[in-house]
>>> print(open('structure24.cif').read())   # mmCIF, C-alpha atoms and all ligand atoms
data_final
#
loop_
_atom_site.label_atom_id
_atom_site.label_comp_id
_atom_site.auth_asym_id
_atom_site.auth_seq_id
_atom_site.Cartn_x
_atom_site.Cartn_y
_atom_site.Cartn_z
CA MET P 590 9.95 -11.45 39.93
CA SER P 591 13.66 -11.95 40.11
CA PRO P 592 16.00 -9.14 39.06
CA THR P 593 17.32 -11.38 36.28
CA ASP P 594 13.91 -11.75 34.60
CA SER P 595 14.19 -10.32 31.14
CA PHE P 596 11.67 -7.87 29.72
CA ILE P 597 8.94 -9.48 27.62
CA PRO P 598 7.48 -6.99 25.12
CA TYR P 599 3.83 -7.17 23.97
CA GLY P 600 4.91 -7.53 20.36
CA ARG P 601 8.21 -8.08 18.65
CA GLN P 602 9.51 -8.62 15.13
CA ASP P 603 11.11 -11.93 14.12
CA ILE P 604 14.09 -11.29 11.81
CA SER P 605 15.88 -14.28 10.24
CA ASP P 606 19.29 -14.56 8.61
CA ALA P 607 17.47 -14.79 5.27
CA ASP P 608 15.74 -11.45 6.00
CA ILE P 609 19.09 -9.85 6.77
CA ALA P 610 20.66 -11.30 3.62
CA ALA P 611 17.76 -9.95 1.52
CA VAL P 612 18.32 -6.43 2.88
CA VAL P 613 22.09 -6.60 2.43
CA GLU P 614 21.57 -7.68 -1.18
CA VAL P 615 19.58 -4.51 -1.88
CA LEU P 616 22.25 -2.37 -0.21
CA LYS P 617 24.80 -3.79 -2.65
CA SER P 618 22.51 -3.27 -5.66
CA ASP P 619 21.86 -0.27 -7.92
CA TRP P 620 18.43 0.53 -6.44
CA LEU P 621 17.71 1.64 -2.89
CA THR P 622 14.24 2.90 -3.79
CA GLN P 623 11.82 2.51 -6.71
CA GLY P 624 13.68 -0.59 -7.84
CA PRO P 625 12.68 -4.23 -8.40
CA ALA P 626 12.18 -5.15 -4.72
CA ILE P 627 8.95 -3.12 -4.55
CA GLU P 628 7.33 -5.15 -7.30
CA ARG P 629 8.62 -8.38 -5.77
CA PHE P 630 7.07 -7.47 -2.42
CA GLU P 631 3.80 -6.39 -4.04
CA THR P 632 3.69 -9.74 -5.86
CA THR P 633 4.06 -11.63 -2.55
CA LEU P 634 1.10 -9.64 -1.20
CA MET P 635 -1.04 -10.42 -4.26
CA ASP P 636 -0.05 -14.11 -4.12
CA ALA P 637 -0.89 -14.36 -0.42
CA THR P 638 -4.30 -12.69 -0.75
CA GLY P 639 -5.63 -13.11 -4.28
CA ALA P 640 -5.83 -9.33 -4.74
CA ALA P 641 -5.21 -8.30 -8.35
CA HIS P 642 -3.24 -5.20 -7.30
CA ALA P 643 -1.05 -4.17 -4.36
CA VAL P 644 0.44 -0.72 -3.81
CA ALA P 645 3.25 -0.74 -1.22
CA VAL P 646 3.69 2.57 0.64
CA SER P 647 5.62 4.09 3.53
CA ASN P 648 3.14 3.05 6.25
CA ALA P 649 -0.47 1.94 6.73
CA THR P 650 -1.58 5.47 7.62
CA ALA P 651 -0.43 6.59 4.16
CA ALA P 652 -2.23 3.60 2.62
CA LEU P 653 -5.47 4.58 4.40
CA HIS P 654 -5.03 8.17 3.22
CA ILE P 655 -4.57 7.31 -0.47
CA ALA P 656 -7.33 4.71 -0.31
CA CYS P 657 -9.71 7.39 1.00
CA LEU P 658 -8.61 9.83 -1.71
CA ALA P 659 -8.86 7.24 -4.50
CA LEU P 660 -12.46 6.57 -3.42
CA GLY P 661 -13.29 10.25 -3.69
CA THR P 662 -13.11 11.29 -0.03
CA GLY P 663 -13.02 15.06 0.34
CA PRO P 664 -14.81 17.98 1.94
CA GLY P 665 -18.52 17.20 2.25
CA THR P 666 -18.04 13.41 2.35
CA ARG P 667 -18.61 11.24 5.44
CA VAL P 668 -16.43 8.43 6.71
CA TRP P 669 -17.42 6.04 9.49
CA THR P 670 -15.08 3.73 11.38
CA SER P 671 -14.66 1.85 14.66
CA PRO P 672 -13.84 3.76 17.85
CA ASN P 673 -11.85 0.68 18.98
CA SER P 674 -8.86 1.33 16.73
CA PHE P 675 -5.67 3.27 16.38
CA VAL P 676 -6.29 6.97 15.63
CA ALA P 677 -5.02 6.52 12.05
CA SER P 678 -8.27 4.71 11.09
CA ALA P 679 -10.13 8.01 11.56
CA ASN P 680 -7.38 10.58 10.92
CA CYS P 681 -7.07 9.41 7.29
CA ALA P 682 -10.53 10.80 6.57
CA LEU P 683 -9.81 14.12 8.29
CA TYR P 684 -6.66 14.51 6.14
CA CYS P 685 -9.05 14.57 3.15
CA GLY P 686 -11.32 17.19 4.71
CA ALA P 687 -14.13 14.66 5.27
CA THR P 688 -16.19 14.39 8.44
CA VAL P 689 -15.74 11.36 10.68
CA ASP P 690 -18.22 9.40 12.74
CA PHE P 691 -18.01 6.10 14.61
CA VAL P 692 -20.07 2.95 14.96
CA ASP P 693 -19.93 1.25 18.36
CA ILE P 694 -18.47 -2.22 18.67
CA ASP P 695 -20.01 -5.59 19.34
CA PRO P 696 -18.72 -6.58 22.80
CA ALA P 697 -18.29 -10.19 21.63
CA THR P 698 -16.17 -9.60 18.52
CA LEU P 699 -14.78 -6.14 19.47
CA ASN P 700 -15.39 -5.17 15.82
CA VAL P 701 -17.99 -2.74 14.47
CA SER P 702 -21.40 -4.00 15.62
CA ILE P 703 -23.56 -5.01 12.65
CA SER P 704 -26.76 -4.18 14.53
CA ALA P 705 -25.43 -0.74 15.59
CA LEU P 706 -24.31 -0.14 12.00
CA THR P 707 -27.68 -1.19 10.56
CA GLU P 708 -29.53 1.10 12.95
CA LYS P 709 -27.20 4.04 12.39
CA LEU P 710 -27.54 3.67 8.60
CA HIS P 711 -31.31 3.58 8.91
CA HIS P 712 -31.30 6.89 10.82
CA ALA P 713 -28.68 8.44 8.54
CA ALA P 714 -30.77 7.57 5.46
CA ALA P 715 -33.79 9.33 6.98
CA LYS P 716 -31.70 12.47 7.57
CA GLY P 717 -29.89 12.30 4.21
CA GLU P 718 -26.56 11.84 5.99
CA LEU P 719 -25.44 8.45 4.77
CA PRO P 720 -21.70 7.73 4.89
CA ASP P 721 -19.65 7.63 1.71
CA ILE P 722 -17.08 5.25 3.17
CA LEU P 723 -16.95 2.73 6.02
CA ILE P 724 -13.57 1.65 7.41
CA PRO P 725 -14.11 -1.58 9.36
CA VAL P 726 -11.13 -2.64 11.48
CA HIS P 727 -10.33 -6.34 12.00
CA PHE P 728 -9.48 -5.80 15.66
CA ALA P 729 -6.71 -8.08 17.01
CA GLY P 730 -6.88 -9.87 13.64
CA GLU P 731 -10.41 -11.26 14.04
CA PRO P 732 -12.23 -10.58 10.76
CA CYS P 733 -15.31 -8.34 10.73
CA ASP P 734 -18.57 -9.75 9.35
CA MET P 735 -17.67 -8.66 5.82
CA ALA P 736 -20.66 -10.32 4.10
CA ALA P 737 -23.03 -8.28 6.29
CA ILE P 738 -20.98 -5.13 5.71
CA GLY P 739 -20.90 -5.76 1.95
CA ALA P 740 -24.69 -6.25 1.87
CA LEU P 741 -25.22 -2.96 3.74
CA ALA P 742 -22.73 -1.22 1.41
CA ASN P 743 -24.80 -2.36 -1.58
CA GLN P 744 -28.07 -1.36 0.05
CA TYR P 745 -26.93 2.12 1.13
CA GLY P 746 -24.31 2.83 -1.54
CA PHE P 747 -21.18 3.37 0.52
CA ARG P 748 -17.65 2.12 -0.24
CA VAL P 749 -15.56 -0.04 2.09
CA ILE P 750 -11.87 0.14 3.11
CA GLU P 751 -10.80 -2.72 5.39
CA ASP P 752 -8.21 -1.63 7.94
CA ALA P 753 -6.49 -5.01 8.13
CA SER P 754 -3.42 -3.74 9.96
CA HIS P 755 -3.94 -6.60 12.46
CA ALA P 756 -5.03 -9.26 10.03
CA VAL P 757 -2.33 -10.01 7.42
CA GLY P 758 -2.39 -13.80 6.98
CA GLY P 759 -5.96 -14.17 8.28
CA ARG P 760 -8.97 -15.47 6.42
CA TYR P 761 -12.61 -14.42 6.25
CA GLY P 762 -14.40 -17.70 5.57
CA ALA P 763 -12.39 -19.30 2.78
CA HIS P 764 -10.97 -15.99 1.53
CA PRO P 765 -7.66 -14.49 2.60
CA ILE P 766 -7.96 -11.04 4.17
CA GLY P 767 -6.91 -8.75 1.32
CA ALA P 768 -8.96 -10.53 -1.34
CA CYS P 769 -11.41 -7.58 -1.10
CA GLN P 770 -14.37 -9.88 -1.69
CA HIS P 771 -16.71 -7.43 0.10
CA SER P 772 -14.63 -4.24 0.02
CA ASP P 773 -12.97 -1.81 -2.37
CA VAL P 774 -9.55 -1.66 -0.71
CA THR P 775 -7.76 -3.53 2.08
CA VAL P 776 -4.92 -1.92 4.01
CA PHE P 777 -2.04 -3.71 5.76
CA SER P 778 0.57 -2.34 8.20
CA PHE P 779 4.14 -3.62 8.39
CA HIS P 780 5.16 -1.84 11.58
CA PRO P 781 7.50 -4.07 13.67
CA VAL P 782 4.82 -5.04 16.21
CA LYS P 783 2.49 -6.23 13.42
CA ILE P 784 2.49 -9.67 11.81
CA VAL P 785 5.17 -9.17 9.15
CA THR P 786 7.42 -6.15 9.08
CA THR P 787 9.28 -3.81 6.75
CA GLY P 788 10.48 -1.55 9.60
CA GLU P 789 7.85 1.01 8.65
CA GLY P 790 5.51 0.16 5.81
CA GLY P 791 2.02 -0.41 4.55
CA ALA P 792 0.10 -1.50 1.49
CA ALA P 793 -3.26 -0.96 -0.17
CA LEU P 794 -4.72 -3.97 -1.98
CA THR P 795 -7.60 -3.91 -4.44
CA GLN P 796 -9.24 -5.84 -7.28
CA SER P 797 -9.83 -2.60 -9.20
CA ALA P 798 -7.25 -1.58 -11.81
CA ASP P 799 -8.61 1.96 -11.71
CA LEU P 800 -8.25 2.34 -7.93
CA ALA P 801 -4.79 0.76 -8.06
CA ALA P 802 -3.63 3.23 -10.74
CA LYS P 803 -4.98 6.16 -8.70
CA MET P 804 -3.32 4.96 -5.51
CA ALA P 805 -0.02 4.33 -7.33
CA ARG P 806 -0.09 7.94 -8.59
CA LEU P 807 -0.98 9.35 -5.16
CA ARG P 808 1.98 7.43 -3.70
CA THR P 809 4.33 9.50 -5.82
CA HIS P 810 3.16 13.12 -6.14
CA GLY P 811 0.20 12.38 -8.42
CA ILE P 812 2.64 11.90 -11.26
CA THR P 813 2.19 9.52 -14.17
CA ARG P 814 4.51 8.35 -16.93
CA ASN P 815 1.72 6.32 -18.52
CA LEU P 816 0.67 7.92 -21.85
CA ALA P 817 -2.86 6.57 -21.50
CA GLU P 818 -3.33 8.58 -18.27
CA MET P 819 -1.98 11.86 -19.71
CA ARG P 820 -4.14 14.75 -20.85
CA GLU P 821 -2.27 15.33 -24.10
CA ALA P 822 0.60 13.94 -26.18
CA ASP P 823 3.96 13.65 -24.49
CA ASP P 824 7.04 15.77 -25.24
CA GLY P 825 9.51 12.89 -25.22
CA ALA P 826 10.91 10.02 -23.23
CA TRP P 827 11.62 12.26 -20.22
CA TYR P 828 8.02 13.41 -20.00
CA TYR P 829 5.72 12.99 -17.03
CA GLN P 830 2.54 14.71 -15.99
CA GLN P 831 1.19 15.53 -12.56
CA ILE P 832 -2.54 14.84 -12.77
CA ASP P 833 -3.47 14.61 -9.07
CA LEU P 834 -2.12 16.20 -5.88
CA GLY P 835 -0.14 13.28 -4.47
CA PHE P 836 2.54 12.72 -1.86
CA ASN P 837 5.88 11.07 -1.35
CA TYR P 838 4.54 7.91 0.28
CA ARG P 839 7.05 5.58 -1.37
CA MET P 840 8.50 2.54 0.34
CA THR P 841 12.24 1.95 -0.13
CA ASP P 842 13.62 -1.18 -1.78
CA ILE P 843 15.47 -1.87 1.48
CA GLN P 844 12.11 -2.15 3.25
CA ALA P 845 10.43 -4.05 0.41
CA ALA P 846 13.22 -6.67 0.33
CA LEU P 847 12.70 -7.25 4.06
CA GLY P 848 8.94 -7.50 3.48
CA ALA P 849 9.25 -9.98 0.60
CA SER P 850 11.55 -12.15 2.71
CA GLN P 851 9.20 -11.94 5.73
CA MET P 852 6.19 -12.87 3.60
CA ALA P 853 7.79 -16.28 2.95
CA ARG P 854 7.12 -17.01 6.65
CA LEU P 855 3.61 -15.49 6.86
CA ARG P 856 1.83 -18.84 7.36
CA GLU P 857 4.38 -19.94 9.94
CA PHE P 858 4.07 -16.64 11.84
CA VAL P 859 0.28 -16.78 12.04
CA ALA P 860 0.24 -20.51 12.87
CA ARG P 861 2.64 -19.84 15.77
CA ARG P 862 0.36 -17.02 16.99
CA HIS P 863 -2.55 -19.50 16.98
CA GLU P 864 -0.51 -22.04 18.95
CA LEU P 865 0.30 -19.40 21.56
CA ALA P 866 -3.28 -18.11 21.69
CA ASN P 867 -4.73 -21.60 22.16
CA ARG P 868 -2.22 -22.19 24.93
CA TYR P 869 -3.10 -18.86 26.59
CA ASP P 870 -6.81 -19.84 26.39
CA ARG P 871 -6.08 -23.01 28.39
CA LEU P 872 -3.68 -21.40 30.88
CA LEU P 873 -6.14 -18.59 31.63
CA GLU P 874 -9.24 -20.79 32.06
CA ALA P 875 -9.44 -20.45 35.84
CA LEU P 876 -8.74 -16.70 36.02
CA PRO P 877 -11.40 -13.93 36.22
CA VAL P 878 -10.72 -12.77 32.67
CA SER P 879 -12.33 -13.44 29.31
CA THR P 880 -10.15 -14.47 26.42
CA PRO P 881 -10.51 -13.19 22.84
CA LEU P 882 -13.21 -14.80 20.73
CA ARG P 883 -12.12 -16.48 17.52
CA CYS P 884 -14.92 -17.39 15.14
CA ASP P 885 -14.23 -20.89 13.81
CA LYS P 886 -15.48 -19.99 10.32
CA ASN P 887 -12.63 -17.47 10.07
CA TYR P 888 -8.89 -17.51 10.75
CA SER P 889 -7.64 -14.60 12.82
CA GLY P 890 -4.33 -12.90 12.06
CA LEU P 891 -3.95 -12.74 15.87
CA HIS P 892 -1.90 -9.57 15.94
CA LEU P 893 -3.03 -9.16 19.56
CA TYR P 894 -4.15 -11.34 22.44
CA PRO P 895 -6.26 -8.95 24.54
CA VAL P 896 -7.95 -10.30 27.67
CA ARG P 897 -10.80 -8.54 29.48
CA LEU P 898 -10.76 -8.35 33.27
CA ASP P 899 -14.09 -9.24 34.90
CA GLU P 900 -13.48 -6.33 37.29
CA ALA P 901 -12.50 -3.17 35.44
CA TRP P 902 -11.41 -1.39 38.63
CA ARG P 903 -8.45 -3.77 38.97
CA ARG P 904 -7.02 -3.00 35.54
CA ARG P 905 -4.67 -0.19 36.56
CA ALA P 906 -3.03 -2.13 39.41
CA VAL P 907 -2.80 -5.26 37.27
CA PHE P 908 -1.20 -3.28 34.43
CA ASP P 909 1.30 -1.63 36.80
CA GLY P 910 2.05 -4.98 38.47
CA MET P 911 2.72 -6.67 35.12
CA ARG P 912 5.01 -3.84 34.02
CA ALA P 913 6.83 -3.98 37.39
CA ALA P 914 7.38 -7.68 36.69
CA ARG P 915 8.96 -6.67 33.38
CA ILE P 916 6.06 -7.92 31.28
CA GLY P 917 5.15 -5.53 28.48
CA VAL P 918 1.37 -5.62 28.57
CA ASN P 919 -0.46 -2.93 26.64
CA VAL P 920 -3.94 -1.38 26.48
CA LEU P 921 -5.54 -1.18 23.04
CA TYR P 922 -7.40 0.94 22.24
CA ILE P 923 -8.22 4.21 23.98
CA PRO P 924 -11.48 4.88 22.08
CA ILE P 925 -10.66 7.36 19.33
CA HIS P 926 -13.66 9.60 20.06
CA THR P 927 -12.42 10.22 23.63
CA GLN P 928 -9.12 11.75 22.45
CA PRO P 929 -8.96 15.52 23.09
CA PHE P 930 -8.66 16.24 19.37
CA TYR P 931 -11.88 14.33 18.67
CA ARG P 932 -13.68 15.87 21.66
CA ASP P 933 -12.94 19.24 20.08
CA LEU P 934 -14.84 17.96 17.02
CA GLY P 935 -17.91 17.35 19.20
CA PHE P 936 -17.50 13.77 20.44
CA ALA P 937 -17.76 12.97 24.15
CA PRO P 938 -17.19 10.10 26.53
CA GLY P 939 -20.41 8.09 26.64
CA ASP P 940 -20.98 8.30 22.88
CA PHE P 941 -19.86 4.71 22.20
CA PRO P 942 -20.29 2.82 25.47
CA ALA P 943 -19.31 -0.67 24.30
CA ALA P 944 -15.90 0.57 23.09
CA GLU P 945 -15.47 2.51 26.34
CA ASP P 946 -16.38 -0.49 28.51
CA TYR P 947 -13.97 -2.67 26.56
CA TYR P 948 -11.21 -0.10 26.97
CA ALA P 949 -11.77 0.02 30.74
CA ARG P 950 -11.21 -3.75 31.12
CA SER P 951 -8.73 -4.68 28.44
CA LEU P 952 -5.15 -5.81 28.79
CA ALA P 953 -3.17 -7.10 25.81
CA LEU P 954 -0.77 -9.88 26.78
CA PRO P 955 2.54 -10.45 24.97
CA MET P 956 1.90 -12.08 21.58
CA PHE P 957 4.63 -12.60 19.00
CA PRO P 958 6.13 -15.66 17.28
CA GLY P 959 9.33 -15.67 19.35
CA LEU P 960 7.45 -15.78 22.70
CA THR P 961 8.57 -18.96 24.48
CA GLU P 962 6.29 -21.27 26.45
CA ALA P 963 8.29 -20.51 29.61
CA GLU P 964 7.74 -16.78 29.04
CA GLN P 965 4.05 -17.43 28.46
CA GLU P 966 3.87 -19.28 31.78
CA ARG P 967 5.60 -16.35 33.48
CA VAL P 968 2.99 -13.98 31.99
CA VAL P 969 0.09 -16.12 33.20
CA SER P 970 1.47 -16.82 36.69
CA THR P 971 2.24 -13.14 37.22
CA LEU P 972 -1.29 -12.23 36.11
CA ALA P 973 -2.77 -14.93 38.37
CA GLY P 974 -0.78 -13.53 41.31
CA LEU P 975 -2.04 -10.01 40.66
CA LEU P 976 -5.67 -11.17 40.35
CA ALA P 977 -5.55 -13.44 43.42
C1 LIG O 1001 -0.77 0.08 13.27
C2 LIG O 1001 -2.12 0.50 12.81
C3 LIG O 1001 -2.32 1.53 11.88
C4 LIG O 1001 -1.21 2.40 11.38
O1 LIG O 1001 -0.17 1.68 10.85
P1 LIG O 1001 1.20 2.43 10.47
O2 LIG O 1001 1.84 1.44 9.53
O3 LIG O 1001 1.95 2.56 11.75
O4 LIG O 1001 0.86 3.70 9.84
C5 LIG O 1001 -3.61 1.78 11.44
N1 LIG O 1001 -4.65 1.08 11.91
C6 LIG O 1001 -4.50 0.10 12.83
C7 LIG O 1001 -5.70 -0.64 13.28
C8 LIG O 1001 -3.24 -0.21 13.32
O5 LIG O 1001 -3.09 -1.16 14.25
#
>>> encode(input="structure24.cif", output="structure tokens", more="lines below")
Ligand SMILES: *Cc1c(COP(=O)(O)O)cnc(C)c1O
Amino acid sequence: MSPTDSFIPYGRQDISDADIAAVVEVLKSDWLTQGPAIERFETTLMDATGAAHAVAVSNATAALHIACLALGTGPGTRVWTSPNSFVASANCALYCGATVDFVDIDPATLNVSISALTEKLHHAAAKGELPDILIPVHFAGEPCDMAAIGALANQYGFRVIEDASHAVGGRYGAHPIGACQHSDVTVFSFHPVKIVTTGEGGAALTQSADLAAKMARLRTHGITRNLAEMREADDGAWYYQQIDLGFNYRMTDIQAALGASQMARLREFVARRHELANRYDRLLEALPVSTPLRCDKNYSGLHLYPVRLDEAWRRRAVFDGMRAARIGVNVLYIPIHTQPFYRDLGFAPGDFPAAEDYYARSLALPMFPGLTEAEQERVVSTLAGLLA
């Protein structure tokens, strides 16, 4: 490393002049929130995915929360998700008073293991403890086996929320992630390290008009101005009714304008991520690491490029060495069930060994559209030096 080497983050937004102009335009307009930019952004999401409805909200955690509520999650219901995810994938169920459990991952895909899921469902059915909802997570952007999940959902009668925070712009088979072909709701995140950004933001997509109407109400206090949803006749043009206990999970028009402008470059962003990932695959061939699998029937959103070290014991020194060389590697994810809060709920290290083994070896390399090839070479040569 030379002292002039600049810091390379693991993820970074890509903001164009057009994005800036779109935000400035909103600032000069009459609406900073609840204006026309929200619908424009929601339309870009529907157009990109084929979902019939999109509900833009303040962040993906909020989207997961209202998706859970719209599907009836509450005390006495059970939600299962992947331990290899951000804590929000499980917390959303606890917000509703539900109980949470996890399904271990497939070490090849790093997504929920279909065989572990099948087996766990079989046992749960025998005990009368089937889940009400499964939240599969498309880890790093690689789609889960949604056809298998959809078939199990039909067989055992649970509902499905895709946590697609990593997978905006990806495809499962021929279908864009968000089309909800095998799920009830799909959730996106627009945090700046994700694929497109609104600063903070999220969305819940669905093909169901009923779920969309529920989620739109929950976004804004459970209030409706739609006569058809009201219990009795209205008092006048000012009238609204609160019919659910909702929240203020609204996205501002400032954010939505940025999102709509960013969505125009979605294909370009994901294509650039694929270029960089394919180049990483080649550059890393000789190193004692395994590179992330990408199933050729699908198209990953490639939010992350996590490599796995052959020797887990070297991970800490390699991580520290990369950071000392001003390379912003990251480790994703600390298995949710090993967090102190979840241990207090009864989970323990050892419960989901594949997720724990993956955590012990993983190192996410910088991956974002603005990463240059020279920076990528610096990442790989620094890693090679540390593993030599
Ligand atoms: C980022 C992320 C979230 C939360 O997204 P926010 O928009 O920050 O609330 C949830 N799940 C996964 C898998 C994520 O990566």
>>> closest_residue(input="structure24.cif", among="P:His654, P:Arg760, P:Arg868, P:Arg897", to="ligand LIG 1001 (chain O)", atoms="all atoms listed in the file")
P:His654
>>> closest_residue(input="structure24.cif", among="P:Val859, P:Cys769, P:Val918, P:Ala652", to="ligand LIG 1001 (chain O)", atoms="only C-alpha atoms and all ligand atoms")
P:Ala652
>>> closest_residue(input="structure24.cif", among="P:Ala973, P:Arg862, P:Asp933, P:Asp909", to="Val878 of chain P", atoms="only C-alpha atoms")
P:Ala973
>>> closest_atom_pairs(input="structure24.cif", of="chain P", to="ligand LIG 1001 (chain O)", cutoff="8 Å", atoms="all atoms listed in the file", output="JSON lines")
{"residue": "P:Ser647", "atom": "CA", "partner": "O:LIG1001", "partner_atom": "O2", "distance": 7.6}
{"residue": "P:Asn648", "atom": "CA", "partner": "O:LIG1001", "partner_atom": "O2", "distance": 3.9}
{"residue": "P:Ala649", "atom": "CA", "partner": "O:LIG1001", "partner_atom": "O2", "distance": 3.7}
{"residue": "P:Thr650", "atom": "CA", "partner": "O:LIG1001", "partner_atom": "O4", "distance": 3.7}
{"residue": "P:Ala651", "atom": "CA", "partner": "O:LIG1001", "partner_atom": "O4", "distance": 6.5}
{"residue": "P:Ala652", "atom": "CA", "partner": "O:LIG1001", "partner_atom": "O4", "distance": 7.9}
{"residue": "P:Leu653", "atom": "CA", "partner": "O:LIG1001", "partner_atom": "C5", "distance": 7.8}
{"residue": "P:Ser674", "atom": "CA", "partner": "O:LIG1001", "partner_atom": "C7", "distance": 5.1}
{"residue": "P:Phe675", "atom": "CA", "partner": "O:LIG1001", "partner_atom": "C6", "distance": 4.9}
{"residue": "P:Val676", "atom": "CA", "partner": "O:LIG1001", "partner_atom": "N1", "distance": 7.2}
{"residue": "P:Ala677", "atom": "CA", "partner": "O:LIG1001", "partner_atom": "C5", "distance": 5.0}
{"residue": "P:Ser678", "atom": "CA", "partner": "O:LIG1001", "partner_atom": "N1", "distance": 5.2}
{"residue": "P:Val726", "atom": "CA", "partner": "O:LIG1001", "partner_atom": "C7", "distance": 6.1}
{"residue": "P:His727", "atom": "CA", "partner": "O:LIG1001", "partner_atom": "C7", "distance": 7.5}
{"residue": "P:Phe728", "atom": "CA", "partner": "O:LIG1001", "partner_atom": "C7", "distance": 6.8}
{"residue": "P:Asp752", "atom": "CA", "partner": "O:LIG1001", "partner_atom": "N1", "distance": 6.0}
{"residue": "P:Ala753", "atom": "CA", "partner": "O:LIG1001", "partner_atom": "C7", "distance": 6.8}
{"residue": "P:Ser754", "atom": "CA", "partner": "O:LIG1001", "partner_atom": "C8", "distance": 4.9}
{"residue": "P:His755", "atom": "CA", "partner": "O:LIG1001", "partner_atom": "O5", "distance": 5.8}
{"residue": "P:Phe777", "atom": "CA", "partner": "O:LIG1001", "partner_atom": "O2", "distance": 7.5}
{"residue": "P:Ser778", "atom": "CA", "partner": "O:LIG1001", "partner_atom": "O2", "distance": 4.2}
{"residue": "P:Phe779", "atom": "CA", "partner": "O:LIG1001", "partner_atom": "O2", "distance": 5.7}
{"residue": "P:His780", "atom": "CA", "partner": "O:LIG1001", "partner_atom": "O2", "distance": 5.1}
{"residue": "P:Lys783", "atom": "CA", "partner": "O:LIG1001", "partner_atom": "C1", "distance": 7.1}
{"residue": "P:Glu789", "atom": "CA", "partner": "O:LIG1001", "partner_atom": "O2", "distance": 6.1}
{"residue": "P:Gly790", "atom": "CA", "partner": "O:LIG1001", "partner_atom": "O2", "distance": 5.4}
{"residue": "P:Gly791", "atom": "CA", "partner": "O:LIG1001", "partner_atom": "O2", "distance": 5.3}
>>> closest_residue(input="structure24.cif", among="P:Arg748, P:Lys716, P:Arg808, P:Lys709", to="Ala645 of chain P", atoms="only C-alpha atoms")
P:Arg808
>>> atom_distance(input="structure24.cif", atom1="atom CA of Gln928 of chain P", atom2="atom CA of Ala949 of chain P")
14.6 Å
>>> closest_residue(input="structure24.cif", among="P:Leu658, P:Val644, P:Ile722, P:Leu706", to="Gly686 of chain P", atoms="all atoms listed in the file")
P:Leu658
>>> atom_distance(input="structure24.cif", atom1="atom CA of Leu660 of chain P", atom2="atom CA of Phe836 of chain P")
16.3 Å
>>> closest_residue(input="structure24.cif", among="P:Tyr745, P:Asp606, P:Leu794, P:Leu954", to="Ala713 of chain P", atoms="all atoms listed in the file")
P:Tyr745
>>> residues_around(input="structure24.cif", residues="Cys657 of chain P", least_positions_apart="5", cutoff="9 Å", atoms="only C-alpha atoms", output="mmCIF file with C-alpha atoms, in the frame of the given file")
data_model
loop_
_atom_site.group_PDB
_atom_site.id
_atom_site.type_symbol
_atom_site.label_atom_id
_atom_site.label_comp_id
_atom_site.auth_asym_id
_atom_site.auth_seq_id
_atom_site.Cartn_x
_atom_site.Cartn_y
_atom_site.Cartn_z
ATOM 1 C CA ALA P 652 -2.230 3.600 2.620
ATOM 2 C CA THR P 662 -13.110 11.290 -0.030
ATOM 3 C CA GLY P 663 -13.020 15.060 0.340
ATOM 4 C CA VAL P 668 -16.430 8.430 6.710
ATOM 5 C CA CYS P 681 -7.070 9.410 7.290
ATOM 6 C CA ALA P 682 -10.530 10.800 6.570
ATOM 7 C CA CYS P 685 -9.050 14.570 3.150
ATOM 8 C CA ILE P 722 -17.080 5.250 3.170
ATOM 9 C CA ILE P 750 -11.870 0.140 3.110
#
>>> build_atoms(input="structure24.cif", residues="segment 610-616 of chain P", atoms="N, CA, C and O atoms", output="mmCIF file, in the coordinates of the input")
data_model
loop_
_atom_site.group_PDB
_atom_site.id
_atom_site.type_symbol
_atom_site.label_atom_id
_atom_site.label_comp_id
_atom_site.auth_asym_id
_atom_site.auth_seq_id
_atom_site.Cartn_x
_atom_site.Cartn_y
_atom_site.Cartn_z
ATOM 1 N N ALA P 610 19.967 -11.135 4.900
ATOM 2 C CA ALA P 610 20.660 -11.300 3.620
ATOM 3 C C ALA P 610 19.893 -10.567 2.501
ATOM 4 O O ALA P 610 20.511 -9.946 1.620
ATOM 5 N N ALA P 611 18.566 -10.606 2.557
ATOM 6 C CA ALA P 611 17.760 -9.950 1.520
ATOM 7 C C ALA P 611 17.978 -8.436 1.545
ATOM 8 O O ALA P 611 18.037 -7.786 0.495
ATOM 9 N N VAL P 612 18.097 -7.877 2.746
ATOM 10 C CA VAL P 612 18.320 -6.430 2.880
ATOM 11 C C VAL P 612 19.725 -6.066 2.411
ATOM 12 O O VAL P 612 19.919 -5.089 1.671
ATOM 13 N N VAL P 613 20.700 -6.870 2.811
ATOM 14 C CA VAL P 613 22.090 -6.600 2.430
ATOM 15 C C VAL P 613 22.225 -6.636 0.898
ATOM 16 O O VAL P 613 22.921 -5.798 0.307
ATOM 17 N N GLU P 614 21.514 -7.564 0.283
ATOM 18 C CA GLU P 614 21.570 -7.680 -1.180
ATOM 19 C C GLU P 614 21.112 -6.381 -1.852
ATOM 20 O O GLU P 614 21.726 -5.913 -2.812
ATOM 21 N N VAL P 615 20.043 -5.787 -1.324
ATOM 22 C CA VAL P 615 19.580 -4.510 -1.880
ATOM 23 C C VAL P 615 20.637 -3.422 -1.677
ATOM 24 O O VAL P 615 20.900 -2.620 -2.578
ATOM 25 N N LEU P 616 21.247 -3.410 -0.495
ATOM 26 C CA LEU P 616 22.250 -2.370 -0.210
ATOM 27 C C LEU P 616 23.435 -2.439 -1.176
ATOM 28 O O LEU P 616 24.074 -1.436 -1.447
#
